[in-house]
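*Asks:* Provided herewith: final-v4.txt, compact mmCIF, C-alpha atoms.
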```
# COMPACT_ATOMS: atom_id res chain seq x y z
CA MET A 1 -125.18 -45.05 -2.34
CA PHE A 2 -126.77 -46.58 0.75
CA LYS A 3 -125.23 -48.44 3.67
CA LYS A 4 -126.76 -51.67 4.85
CA THR A 5 -125.69 -54.68 6.91
CA LEU A 6 -126.00 -58.32 5.89
CA LYS A 7 -125.84 -60.90 8.69
CA PHE A 8 -124.79 -64.51 8.08
CA ARG A 9 -124.39 -67.48 10.41
CA ILE A 10 -120.88 -68.95 10.63
CA PHE A 11 -119.89 -72.39 11.92
CA PRO A 12 -116.37 -72.36 13.39
CA SER A 13 -114.66 -75.57 14.47
CA LYS A 14 -113.74 -76.12 18.13
CA ALA A 15 -110.21 -74.87 17.51
CA GLN A 16 -111.55 -71.80 15.71
CA VAL A 17 -114.02 -71.12 18.55
CA ARG A 18 -111.08 -71.04 20.96
CA LYS A 19 -109.31 -68.53 18.68
CA LEU A 20 -112.43 -66.38 18.39
CA GLU A 21 -112.97 -66.39 22.13
CA SER A 22 -109.30 -65.60 22.72
CA THR A 23 -109.63 -62.65 20.31
CA LEU A 24 -112.64 -61.38 22.25
CA ASP A 25 -110.76 -61.64 25.54
CA ILE A 26 -107.73 -59.75 24.19
CA CYS A 27 -109.95 -57.05 22.68
CA ARG A 28 -111.89 -56.69 25.94
CA GLU A 29 -108.69 -56.33 27.97
CA LEU A 30 -107.39 -53.71 25.55
CA TYR A 31 -110.71 -51.84 25.72
CA ASN A 32 -110.68 -51.76 29.51
CA SER A 33 -107.01 -50.72 29.62
CA ALA A 34 -107.60 -47.88 27.15
CA LEU A 35 -110.61 -46.72 29.14
CA GLN A 36 -108.61 -46.83 32.39
CA GLU A 37 -105.79 -44.82 30.80
CA ARG A 38 -108.17 -42.08 29.71
CA ARG A 39 -109.84 -41.92 33.11
CA ASP A 40 -106.54 -41.78 35.02
CA ALA A 41 -105.06 -39.15 32.69
CA TRP A 42 -108.01 -36.85 33.33
CA ASN A 43 -108.47 -37.53 37.05
CA LEU A 44 -104.77 -37.17 37.91
CA ASN A 45 -103.45 -34.62 35.40
CA ARG A 46 -106.52 -33.18 33.64
CA ILE A 47 -105.18 -34.43 30.28
CA ASN A 48 -107.36 -35.55 27.39
CA ILE A 49 -106.01 -38.55 25.48
CA SER A 50 -107.17 -38.87 21.88
CA ASN A 51 -107.74 -41.96 19.78
CA GLN A 52 -104.63 -41.14 17.71
CA ASP A 53 -102.49 -40.98 20.87
CA GLN A 54 -103.59 -44.43 21.93
CA GLU A 55 -103.15 -45.96 18.46
CA LYS A 56 -99.54 -44.72 18.38
CA GLN A 57 -98.86 -46.75 21.54
CA LEU A 58 -99.96 -50.06 19.99
CA PRO A 59 -96.52 -51.06 18.55
CA GLU A 60 -94.88 -50.55 21.96
CA ILE A 61 -97.67 -52.42 23.75
CA LYS A 62 -97.26 -55.38 21.34
CA LYS A 63 -93.62 -55.69 22.41
CA ILE A 64 -94.72 -56.06 26.03
CA ARG A 65 -97.91 -58.06 25.42
CA GLU A 66 -96.99 -60.59 22.75
CA ASP A 67 -100.50 -62.06 22.75
CA LEU A 68 -101.70 -58.90 20.97
CA ASN A 69 -99.80 -60.14 17.91
CA LEU A 70 -102.35 -62.96 17.67
CA VAL A 71 -105.02 -60.40 16.71
CA TYR A 72 -105.16 -58.59 13.37
CA SER A 73 -103.89 -55.00 13.71
CA GLN A 74 -107.05 -53.32 12.37
CA VAL A 75 -109.15 -55.21 14.91
CA LEU A 76 -107.07 -53.69 17.71
CA GLN A 77 -107.41 -50.24 16.14
CA ASP A 78 -111.19 -50.66 16.07
CA VAL A 79 -111.18 -51.49 19.80
CA LEU A 80 -109.53 -48.14 20.55
CA LYS A 81 -112.00 -46.47 18.20
CA ARG A 82 -114.85 -47.96 20.23
CA VAL A 83 -113.43 -46.39 23.38
CA ASP A 84 -113.22 -43.04 21.63
CA ARG A 85 -116.76 -43.40 20.31
CA SER A 86 -118.11 -44.19 23.78
CA PHE A 87 -116.62 -40.92 25.10
CA GLN A 88 -117.97 -38.94 22.15
CA ASN A 89 -121.44 -40.35 22.78
CA PHE A 90 -121.12 -39.54 26.48
CA PHE A 91 -120.24 -35.90 25.84
CA SER A 92 -123.00 -35.51 23.23
CA ARG A 93 -125.56 -36.80 25.77
CA VAL A 94 -124.23 -34.33 28.33
CA LYS A 95 -124.68 -31.47 25.85
CA ARG A 96 -128.25 -32.58 25.13
CA LYS A 97 -128.85 -32.70 28.92
CA GLU A 98 -129.85 -36.34 28.78
CA LYS A 99 -128.97 -39.10 31.21
CA ALA A 100 -125.27 -39.31 30.34
CA GLY A 101 -124.01 -42.75 31.42
CA PHE A 102 -120.22 -42.56 31.76
CA PRO A 103 -118.28 -45.17 29.70
CA ARG A 104 -118.01 -48.36 31.71
CA PHE A 105 -115.65 -51.30 31.82
CA GLN A 106 -116.74 -54.36 29.85
CA GLY A 107 -117.20 -57.70 31.56
CA LYS A 108 -116.70 -61.01 29.80
CA SER A 109 -120.42 -61.42 29.11
CA ARG A 110 -120.76 -57.89 27.67
CA TYR A 111 -117.99 -57.80 25.07
CA ASN A 112 -119.18 -60.07 22.25
CA SER A 113 -117.90 -58.69 18.94
CA PHE A 114 -114.83 -57.44 17.08
CA THR A 115 -114.50 -55.67 13.73
CA PHE A 116 -112.20 -55.83 10.70
CA LYS A 117 -112.24 -52.24 9.46
CA GLN A 118 -111.04 -52.61 5.87
CA SER A 119 -109.05 -55.76 5.27
CA GLY A 120 -108.04 -59.03 6.89
CA PHE A 121 -111.01 -61.01 5.56
CA ASN A 122 -112.33 -62.44 2.30
CA LEU A 123 -114.73 -65.08 0.96
CA GLU A 124 -113.25 -68.16 -0.71
CA ASN A 125 -115.28 -71.13 -2.03
CA GLY A 126 -118.15 -70.69 0.41
CA LYS A 127 -115.86 -70.06 3.39
CA LEU A 128 -114.94 -66.91 5.29
CA ASN A 129 -111.19 -66.45 5.59
CA LEU A 130 -110.23 -64.41 8.66
CA SER A 131 -106.66 -63.26 9.24
CA LYS A 132 -104.96 -65.16 12.11
CA ILE A 133 -108.10 -67.29 12.67
CA GLY A 134 -108.54 -69.35 9.50
CA LYS A 135 -111.24 -70.39 7.04
CA ILE A 136 -114.67 -70.69 8.64
CA LYS A 137 -117.76 -72.29 7.13
CA ILE A 138 -120.44 -69.65 6.43
CA LYS A 139 -124.10 -69.92 5.42
CA LEU A 140 -124.44 -67.43 2.54
CA HIS A 141 -128.24 -67.40 2.29
CA ARG A 142 -128.21 -64.34 0.00
CA GLU A 143 -125.88 -62.71 -2.49
CA ILE A 144 -123.68 -59.85 -1.31
CA ILE A 145 -124.23 -57.03 -3.81
CA GLY A 146 -122.19 -53.89 -3.24
CA LYS A 147 -118.85 -52.84 -1.82
CA VAL A 148 -117.99 -54.43 1.51
CA LYS A 149 -116.69 -51.80 3.95
CA THR A 150 -116.31 -53.63 7.26
CA LEU A 151 -116.85 -57.05 8.79
CA THR A 152 -118.00 -57.61 12.37
CA ILE A 153 -117.80 -61.04 14.00
CA SER A 154 -120.29 -61.39 16.85
CA ARG A 155 -121.39 -64.01 19.36
CA ASP A 156 -124.94 -64.12 20.72
CA SER A 157 -126.15 -65.22 24.16
CA CYS A 158 -126.63 -68.81 22.93
CA GLY A 159 -123.01 -69.12 21.80
CA LYS A 160 -123.80 -68.86 18.07
CA TRP A 161 -121.42 -66.90 15.85
CA PHE A 162 -122.34 -64.48 13.08
CA ALA A 163 -120.59 -62.45 10.38
CA CYS A 164 -122.06 -59.00 9.71
CA PHE A 165 -120.95 -57.36 6.45
CA SER A 166 -121.43 -53.59 6.24
CA ILE A 167 -121.80 -52.75 2.55
CA GLU A 168 -122.41 -49.78 0.30
CA THR A 169 -124.96 -50.49 -2.40
CA LYS A 170 -127.03 -48.70 -4.99
CA GLN A 171 -130.66 -47.78 -4.47
CA GLU A 172 -133.13 -50.59 -5.10
CA THR A 173 -135.60 -49.98 -7.89
CA PHE A 174 -139.31 -50.71 -7.41
CA GLN A 175 -142.05 -49.91 -9.86
CA PRO A 176 -144.07 -46.89 -8.65
CA THR A 177 -147.46 -48.01 -7.33
CA ASN A 178 -148.93 -44.53 -6.77
CA ASN A 179 -150.53 -45.97 -3.63
CA SER A 180 -150.57 -44.38 -0.20
CA VAL A 181 -151.43 -46.05 3.09
CA GLY A 182 -152.18 -44.98 6.64
CA ILE A 183 -151.43 -47.49 9.39
CA ASP A 184 -153.20 -47.67 12.75
CA CYS A 185 -151.15 -49.76 15.19
CA GLY A 186 -152.89 -51.78 17.88
CA ILE A 187 -152.57 -54.67 20.31
CA LYS A 188 -155.54 -56.90 19.51
CA THR A 189 -154.68 -56.49 15.83
CA PHE A 190 -151.09 -55.59 15.03
CA ALA A 191 -152.10 -53.04 12.41
CA VAL A 192 -155.06 -51.96 10.31
CA LEU A 193 -154.30 -50.36 6.93
CA SER A 194 -156.37 -47.60 5.41
CA ASP A 195 -157.31 -49.87 2.49
CA GLY A 196 -158.92 -52.37 4.87
CA ILE A 197 -156.10 -54.91 5.25
CA GLU A 198 -155.69 -56.23 8.80
CA ILE A 199 -152.41 -57.70 10.08
CA ASP A 200 -152.84 -60.08 13.01
CA ASN A 201 -150.76 -59.74 16.16
CA PRO A 202 -148.71 -62.97 16.44
CA ARG A 203 -147.96 -62.49 20.19
CA PHE A 204 -144.62 -64.33 20.10
CA PHE A 205 -143.80 -63.74 23.77
CA ARG A 206 -147.21 -64.98 24.91
CA ARG A 207 -146.66 -68.23 23.01
CA ASP A 208 -143.48 -69.08 24.91
CA GLU A 209 -144.27 -67.33 28.19
CA LYS A 210 -145.06 -70.49 30.16
CA ARG A 211 -142.05 -72.36 28.76
CA LEU A 212 -139.84 -69.39 29.63
CA ALA A 213 -141.21 -69.20 33.19
CA VAL A 214 -140.43 -72.90 33.77
CA ALA A 215 -136.88 -72.47 32.43
CA GLN A 216 -136.28 -69.39 34.59
CA ARG A 217 -137.49 -71.18 37.75
CA ARG A 218 -135.12 -74.08 37.05
CA LEU A 219 -132.29 -71.61 36.48
CA SER A 220 -132.93 -69.81 39.78
CA LYS A 221 -132.63 -73.08 41.73
CA GLN A 222 -129.07 -73.78 40.52
CA PRO A 223 -126.11 -72.52 42.62
CA ARG A 224 -124.06 -69.76 41.03
CA GLY A 225 -120.88 -70.80 39.26
CA THR A 226 -121.95 -74.41 38.61
CA LYS A 227 -122.11 -76.21 35.28
CA GLU A 228 -125.79 -76.92 35.79
CA ARG A 229 -126.54 -73.22 36.16
CA TYR A 230 -124.62 -72.55 32.93
CA LYS A 231 -126.73 -75.17 31.11
CA LYS A 232 -129.99 -73.77 32.47
CA ARG A 233 -128.94 -70.22 31.60
CA LYS A 234 -128.32 -71.33 28.02
CA ILE A 235 -131.83 -72.81 27.82
CA VAL A 236 -133.33 -69.49 28.94
CA ALA A 237 -131.16 -67.63 26.41
CA LYS A 238 -132.35 -69.93 23.60
CA ILE A 239 -136.01 -69.26 24.40
CA HIS A 240 -135.39 -65.51 24.41
CA ALA A 241 -133.47 -65.80 21.13
CA ARG A 242 -136.29 -67.76 19.52
CA ILE A 243 -138.83 -65.09 20.52
CA ARG A 244 -136.51 -62.32 19.31
CA ASN A 245 -135.85 -64.01 15.97
CA ARG A 246 -139.52 -64.68 15.28
CA ARG A 247 -140.43 -61.10 16.11
CA SER A 248 -137.63 -59.76 13.91
CA ASN A 249 -138.68 -62.02 11.01
CA PHE A 250 -142.28 -60.81 11.35
CA ALA A 251 -141.15 -57.16 11.33
CA HIS A 252 -139.09 -57.83 8.18
CA GLN A 253 -142.06 -59.45 6.43
CA VAL A 254 -144.45 -56.61 7.29
CA SER A 255 -141.97 -53.86 6.38
CA SER A 256 -141.10 -55.54 3.05
CA PHE A 257 -144.80 -55.87 2.19
CA LEU A 258 -145.39 -52.16 2.89
CA VAL A 259 -142.38 -50.94 0.93
CA LYS A 260 -143.16 -53.10 -2.10
CA ASN A 261 -146.84 -52.15 -2.32
CA TYR A 262 -146.99 -48.47 -1.30
CA ASP A 263 -145.14 -45.35 -2.38
CA ARG A 264 -146.17 -43.30 0.67
CA ILE A 265 -146.46 -44.90 4.11
CA PHE A 266 -147.82 -43.09 7.19
CA PHE A 267 -147.51 -44.33 10.79
CA GLU A 268 -148.83 -42.93 14.04
CA ASP A 269 -146.18 -41.01 15.95
CA LEU A 270 -146.80 -42.86 19.21
CA ASN A 271 -145.08 -42.12 22.52
CA ILE A 272 -144.20 -45.77 23.08
CA LYS A 273 -141.94 -45.11 26.09
CA GLY A 274 -144.76 -43.27 27.79
CA MET A 275 -147.23 -46.03 26.95
CA MET A 276 -144.88 -48.62 28.45
CA LYS A 277 -145.35 -46.95 31.85
CA ASN A 278 -148.86 -48.42 31.92
CA HIS A 279 -148.13 -51.67 33.77
CA CYS A 280 -151.34 -53.26 32.52
CA LEU A 281 -150.28 -52.92 28.89
CA ALA A 282 -146.47 -52.81 29.07
CA LYS A 283 -145.95 -56.51 28.34
CA ALA A 284 -148.36 -56.49 25.39
CA ILE A 285 -146.84 -53.30 23.95
CA GLY A 286 -143.31 -54.69 24.29
CA ASP A 287 -144.36 -57.93 22.60
CA VAL A 288 -146.05 -56.27 19.62
CA ALA A 289 -142.81 -54.42 18.61
CA TRP A 290 -144.20 -51.39 16.77
CA SER A 291 -140.87 -49.54 16.94
CA GLN A 292 -138.97 -52.41 15.30
CA THR A 293 -141.41 -52.60 12.40
CA ILE A 294 -141.35 -48.83 11.88
CA GLN A 295 -137.53 -48.79 11.99
CA TYR A 296 -137.27 -51.60 9.42
CA THR A 297 -139.81 -49.87 7.17
CA GLN A 298 -137.94 -46.56 7.34
CA TYR A 299 -134.56 -47.91 6.27
CA LYS A 300 -136.05 -50.13 3.54
CA ALA A 301 -138.10 -47.21 2.24
CA GLU A 302 -134.99 -45.04 2.10
CA CYS A 303 -133.18 -47.65 0.02
CA ALA A 304 -136.19 -48.07 -2.30
CA ASP A 305 -136.96 -44.35 -2.69
CA ARG A 306 -140.28 -44.66 -0.86
CA THR A 307 -141.66 -42.10 1.62
CA VAL A 308 -142.36 -42.79 5.30
CA ARG A 309 -143.86 -40.14 7.58
CA MET A 310 -144.94 -40.09 11.21
CA VAL A 311 -148.35 -38.50 11.84
CA ASN A 312 -149.72 -36.92 15.01
CA PRO A 313 -152.27 -39.52 16.24
CA ARG A 314 -154.35 -37.08 18.28
CA ASN A 315 -158.11 -37.56 17.69
CA THR A 316 -157.58 -39.78 14.63
CA SER A 317 -159.97 -42.36 16.10
CA GLN A 318 -162.53 -39.72 17.19
CA ILE A 319 -162.90 -37.78 13.93
CA CYS A 320 -165.10 -39.20 11.20
CA SER A 321 -163.02 -40.05 8.14
CA SER A 322 -165.96 -39.28 5.85
CA CYS A 323 -167.27 -35.89 7.01
CA GLY A 324 -164.79 -34.68 9.64
CA GLU A 325 -167.34 -34.65 12.48
CA THR A 326 -165.92 -35.41 15.95
CA VAL A 327 -167.53 -38.54 17.40
CA LYS A 328 -166.49 -39.02 21.01
CA LYS A 329 -166.10 -42.64 22.05
CA ASP A 330 -164.43 -44.70 24.78
CA LEU A 331 -161.58 -47.11 24.09
CA SER A 332 -164.02 -49.99 24.59
CA ALA A 333 -166.11 -48.85 21.60
CA ARG A 334 -164.67 -50.68 18.61
CA ILE A 335 -167.14 -49.42 15.99
CA HIS A 336 -167.18 -45.86 14.66
CA HIS A 337 -170.73 -44.69 14.04
CA CYS A 338 -171.22 -41.13 12.78
CA LEU A 339 -174.67 -39.63 13.33
CA ASN A 340 -173.85 -36.80 10.94
CA CYS A 341 -173.15 -38.79 7.74
CA GLY A 342 -174.18 -42.28 8.83
CA LEU A 343 -170.73 -43.87 8.36
CA GLU A 344 -170.32 -47.09 10.35
CA ILE A 345 -166.92 -48.80 10.15
CA CYS A 346 -164.29 -50.33 12.41
CA ARG A 347 -162.75 -47.79 14.76
CA ASP A 348 -159.19 -48.74 13.73
CA LEU A 349 -159.98 -48.50 10.02
CA ASN A 350 -161.45 -45.04 10.57
CA ALA A 351 -158.23 -44.00 12.35
CA ALA A 352 -156.07 -45.47 9.57
CA ILE A 353 -157.95 -43.46 6.93
CA ASN A 354 -157.47 -40.29 9.00
CA ILE A 355 -153.75 -41.05 9.38
CA LYS A 356 -153.44 -41.42 5.61
CA ARG A 357 -155.26 -38.14 5.09
CA LEU A 358 -153.03 -36.26 7.53
CA GLY A 359 -149.93 -37.84 6.00
CA LEU A 360 -150.89 -36.76 2.51
CA GLU A 361 -151.58 -33.27 3.82
CA SER A 362 -148.11 -33.13 5.38
CA LEU A 363 -146.65 -33.87 1.93
CA GLY A 364 -148.62 -31.05 0.32
CA TYR A 365 -151.47 -33.04 -1.18
CA ALA A 366 -154.98 -31.54 -1.09
CA LEU A 367 -157.45 -33.02 1.36
CA GLU A 368 -160.06 -35.32 -0.13
CA ALA A 369 -162.87 -33.67 1.85
CA PRO A 370 -162.72 -29.85 2.29
CA GLU A 371 -164.77 -30.04 5.48
CA PHE A 372 -162.27 -32.40 7.16
CA ILE A 373 -160.85 -31.06 10.43
CA ARG A 374 -157.26 -31.94 11.30
CA GLY A 375 -156.72 -33.67 14.65
CA GLU A 376 -154.22 -31.42 16.38
```
Spit out the file's structure as structure tokens when you get a sec.
*Replies:*
Amino acid sequence: MFKKTLKFRIFPSKAQVRKLESTLDICRELYNSALQERRDAWNLNRINISNQDQEKQLPEIKKIREDLNLVYSQVLQDVLKRVDRSFQNFFSRVKRKEKAGFPRFQGKSRYNSFTFKQSGFNLENGKLNLSKIGKIKIKLHREIIGKVKTLTISRDSCGKWFACFSIETKQETFQPTNNSVGIDCGIKTFAVLSDGIEIDNPRFFRRDEKRLAVAQRRLSKQPRGTKERYKKRKIVAKIHARIRNRRSNFAHQVSSFLVKNYDRIFFEDLNIKGMMKNHCLAKAIGDVAWSQTIQYTQYKAECADRTVRMVNPRNTSQICSSCGETVKKDLSARIHHCLNCGLEICRDLNAAINIKRLGLESLGYALEAPEFIRGE
């Protein structure tokens, strides 16, 4: 069984929007209160409060705060679970000696979702029925196959509402293709596959960059707290959302193509965070979204029983994919020309073939050319 999330757009009425927003406000206040209780208990008395301790207090709190009765009980329990999870993540980061980031209070613009853990929701005649909120119109653009575990209602920066169903489903079945592919990621071209297929870089941010700059300048001119500033902020948020949605759709299309057509998929194991420190290329690298595509491919491959591996990219563009000879070249040289065997192909295609070869080797397959030298 595999877990996956299906996201659908919902269209609440004005009265339902008020109920949803009220639910978010109550959940946010409960979250901040639970966080404050844990902090005070430790700072004043060195006492650790568990999630179970706080859940036991909910019936007493409801007697004092009657507005909590307007929210489904499991939603309130999930809020306390979120607090507990934030502390668990904090302590795990401390143990790994990473930048910890102590759990913080949530402002109104930061708390944008709540979750029904097991019950309190169902689908009826094309509508989503939520306990204590009502029946909301939902756009079911695909069939929900599997057992629904949880439902999360979220609001994005543009004020749109979504229902995210977390489901358990069986493994998808694809016919084995017996094909393997190495993928060389780039900026000019999004990716070059080892079988010669090139995927263009759509450059979604570049398309809307000027429009976004104009909207941001207009936003900066509006005084804080005014209605005009709120309107301009929403315009900026819509442009960002459009770029994000287009990029996500592109990543889904590419990942689906790879999983359907190849049994074994090999990517470069790039240090993207390190590459982003190059200020000349940071914007282009952020726009191309390699990580998003790789992440989508990995989870789809897991569901479809395909194999995805990350390959060390060192010297994959320098080594000849035909004879294994090292051919030194600058980044500006886009053609690989080997004086040893005479091979002349695109630099990125040569790298993709080497990535495929190294990936197959990592899975225990014999190298196609015995004289090939691994790039390590």
*Asks:* Considering all atoms listed in the file, can you say which of A:Thr115, A:Ile133, A:Gln74, A:Lys283 comes closest to A:Ile187?
*Replies:*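 Once distances to A:Ile187 are computed over all atoms listed in the file, the minimum belongs to A:Lys283.
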*Asks:* Measuring between only C-alpha atoms, which one of A:Ile153, A:Ala213, A:Cys346, A:Val236 shows the shortest distance to A:Arg9?
*Replies:*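 Closest to A:Arg9 of all the choices is A:Ile153.
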*Asks:* Between A:Glu29, A:Glu361, A:Asp263, A:Asp200, single out the one closest to A:Lys300, counting only C-alpha atoms.
*Replies:* A:Asp263
*Asks:* Quick one: distance from atom CA of A:Phe102 to atom CA of A:Gln292 in Å, one decimal?
*Replies:*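 Those two atoms sit 26.8 Å apart.
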*Asks:* Could you state the separation of atom CA of A:Tyr299 and atom CA of A:Lys147 in Å, given to one decimal place?
*Replies:*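 That distance, rounded to one decimal, is 18.3 Å.
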*Asks:* Report, in Å to a single decimal, how far apart atom CA of A:Phe87 and atom CA of A:Lys117 are.
*Replies:*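 So the answer is 19.8 Å.
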*Asks:* I'd like the box whose edges run along x, y and z of the file and which contains every listed atom of stretch 343-353 of chain A, padded by 8 Å per side; could you state its centre and edge lengths in Å, one decimal, as JSON?
*Replies:*
```
{"center_x": -163.4, "center_y": -46.9, "center_z": 10.8, "size_x": 30.7, "size_y": 22.9, "size_z": 23.8}
```
*Asks:* Write out as a VMD selection string which residues come within 7 Å of A:Ile335 when counting all atoms listed in the file, dropping same-chain ones fewer than 6 positions away.
*Replies:* chain A and resid 344 to 347
*Asks:* Within 9 Å of A:Tyr72, counting all atoms listed in the file, which residues qualify if same-chain residues fewer than 3 places away don't, as a short mmCIF file (atom, residue, chain, number, x, y, z; two decimals) with C-alpha atoms, keeping the file's coordinate frame?
*Replies:*
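Okay, this is what ended up in around.cif:
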```
data_model
loop_
_atom_site.label_atom_id
_atom_site.label_comp_id
_atom_site.auth_asym_id
_atom_site.auth_seq_id
_atom_site.Cartn_x
_atom_site.Cartn_y
_atom_site.Cartn_z
CA LEU A 68 -101.70 -58.90 20.97
CA ASN A 69 -99.80 -60.14 17.91
CA VAL A 75 -109.15 -55.21 14.91
CA LEU A 76 -107.07 -53.69 17.71
CA PHE A 116 -112.20 -55.83 10.70
CA GLY A 120 -108.04 -59.03 6.89
CA SER A 131 -106.66 -63.26 9.24
CA LYS A 132 -104.96 -65.16 12.11
#
```
*Asks:* Might you pull out every residue within 8 Å of stretch 156-169 of chain A, with only C-alpha atoms counted and same-chain residues fewer than 6 positions away left off, and present them as a PyMOL selection string?
*Replies:* chain A and resi 1-12+112+145-150+234+237-238+241
*Asks:* Export, as a PDB file, in the frame of the given file, the selected residues with C-alpha atoms.
*Replies:*
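The resulting file, out-v9.pdb, is reproduced below:
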```
ATOM      1  CA  MET A   1    -125.180 -45.050  -2.340  1.00  0.00           C
ATOM      2  CA  PHE A   2    -126.770 -46.580   0.750  1.00  0.00           C
ATOM      3  CA  LYS A   3    -125.230 -48.440   3.670  1.00  0.00           C
ATOM      4  CA  LYS A   4    -126.760 -51.670   4.850  1.00  0.00           C
ATOM      5  CA  THR A   5    -125.690 -54.680   6.910  1.00  0.00           C
ATOM      6  CA  LEU A   6    -126.000 -58.320   5.890  1.00  0.00           C
ATOM      7  CA  LYS A   7    -125.840 -60.900   8.690  1.00  0.00           C
ATOM      8  CA  PHE A   8    -124.790 -64.510   8.080  1.00  0.00           C
ATOM      9  CA  ARG A   9    -124.390 -67.480  10.410  1.00  0.00           C
ATOM     10  CA  ILE A  10    -120.880 -68.950  10.630  1.00  0.00           C
ATOM     11  CA  PHE A  11    -119.890 -72.390  11.920  1.00  0.00           C
ATOM     12  CA  PRO A  12    -116.370 -72.360  13.390  1.00  0.00           C
ATOM     13  CA  ASN A 112    -119.180 -60.070  22.250  1.00  0.00           C
ATOM     14  CA  ILE A 145    -124.230 -57.030  -3.810  1.00  0.00           C
ATOM     15  CA  GLY A 146    -122.190 -53.890  -3.240  1.00  0.00           C
ATOM     16  CA  LYS A 147    -118.850 -52.840  -1.820  1.00  0.00           C
ATOM     17  CA  VAL A 148    -117.990 -54.430   1.510  1.00  0.00           C
ATOM     18  CA  LYS A 149    -116.690 -51.800   3.950  1.00  0.00           C
ATOM     19  CA  THR A 150    -116.310 -53.630   7.260  1.00  0.00           C
ATOM     20  CA  LYS A 234    -128.320 -71.330  28.020  1.00  0.00           C
ATOM     21  CA  ALA A 237    -131.160 -67.630  26.410  1.00  0.00           C
ATOM     22  CA  LYS A 238    -132.350 -69.930  23.600  1.00  0.00           C
ATOM     23  CA  ALA A 241    -133.470 -65.800  21.130  1.00  0.00           C
TER      24      ALA A 241
END
```
*Asks:* Find the residues near A:Glu124: any atom within 12 Å, counting all atoms listed in the file, skip ones fewer than 2 places away on the same chain, and give them as JSON, numbers by chain.
*Replies:* {"A": [121, 122, 126, 127, 128, 129, 130, 134, 135, 136, 137, 138, 140]}
*Asks:* Restricting the calculation to only C-alpha atoms: of A:Ala301, A:Cys185, A:Leu35, A:Ile243, which residue gets closest to A:Asp269?
*Replies:*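 Once distances to A:Asp269 are computed over only C-alpha atoms, the minimum belongs to A:Cys185.
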*Asks:* Show me the residues close to (-108.4, -57.9, 23.3) - anything with an atom within 10 Å, counting all atoms listed in the file - and format the list as a list in words.
*Replies:*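 The residues near that point, listed by chain and number, are Glu21, Ser22, Thr23, Leu24, Asp25, Ile26, Cys27, Arg28, Glu29, Leu30, Tyr31, Asn32, Ser33, Asp67, Leu68, Leu70, Val71, Val75, Leu76, Val79, Tyr111 and Phe114 of chain A.
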*Asks:* Using all atoms listed in the file, which of A:Thr177, A:Ser154, A:Gln118, A:Thr297 sits nearest A:Ser73?
*Replies:*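 Of A:Thr177, A:Ser154, A:Gln118, A:Thr297, the one nearest A:Ser73, counting all atoms listed in the file, is A:Gln118.
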*Asks:* Quick one: residues within 8 Å of (-157.2, -39.3, 16.1) (file frame), counting all atoms listed in the file, please, as an mmCIF file with C-alpha atoms, in the coordinates of the input.
*Replies:*
```
data_model
loop_
_atom_site.group_PDB
_atom_site.id
_atom_site.type_symbol
_atom_site.label_atom_id
_atom_site.label_comp_id
_atom_site.auth_asym_id
_atom_site.auth_seq_id
_atom_site.Cartn_x
_atom_site.Cartn_y
_atom_site.Cartn_z
ATOM 1 C CA ASN A 312 -149.720 -36.920 15.010
ATOM 2 C CA PRO A 313 -152.270 -39.520 16.240
ATOM 3 C CA ARG A 314 -154.350 -37.080 18.280
ATOM 4 C CA ASN A 315 -158.110 -37.560 17.690
ATOM 5 C CA THR A 316 -157.580 -39.780 14.630
ATOM 6 C CA SER A 317 -159.970 -42.360 16.100
ATOM 7 C CA GLN A 318 -162.530 -39.720 17.190
ATOM 8 C CA ILE A 319 -162.900 -37.780 13.930
ATOM 9 C CA ALA A 351 -158.230 -44.000 12.350
ATOM 10 C CA ASN A 354 -157.470 -40.290 9.000
ATOM 11 C CA ILE A 355 -153.750 -41.050 9.380
ATOM 12 C CA GLY A 375 -156.720 -33.670 14.650
#
```
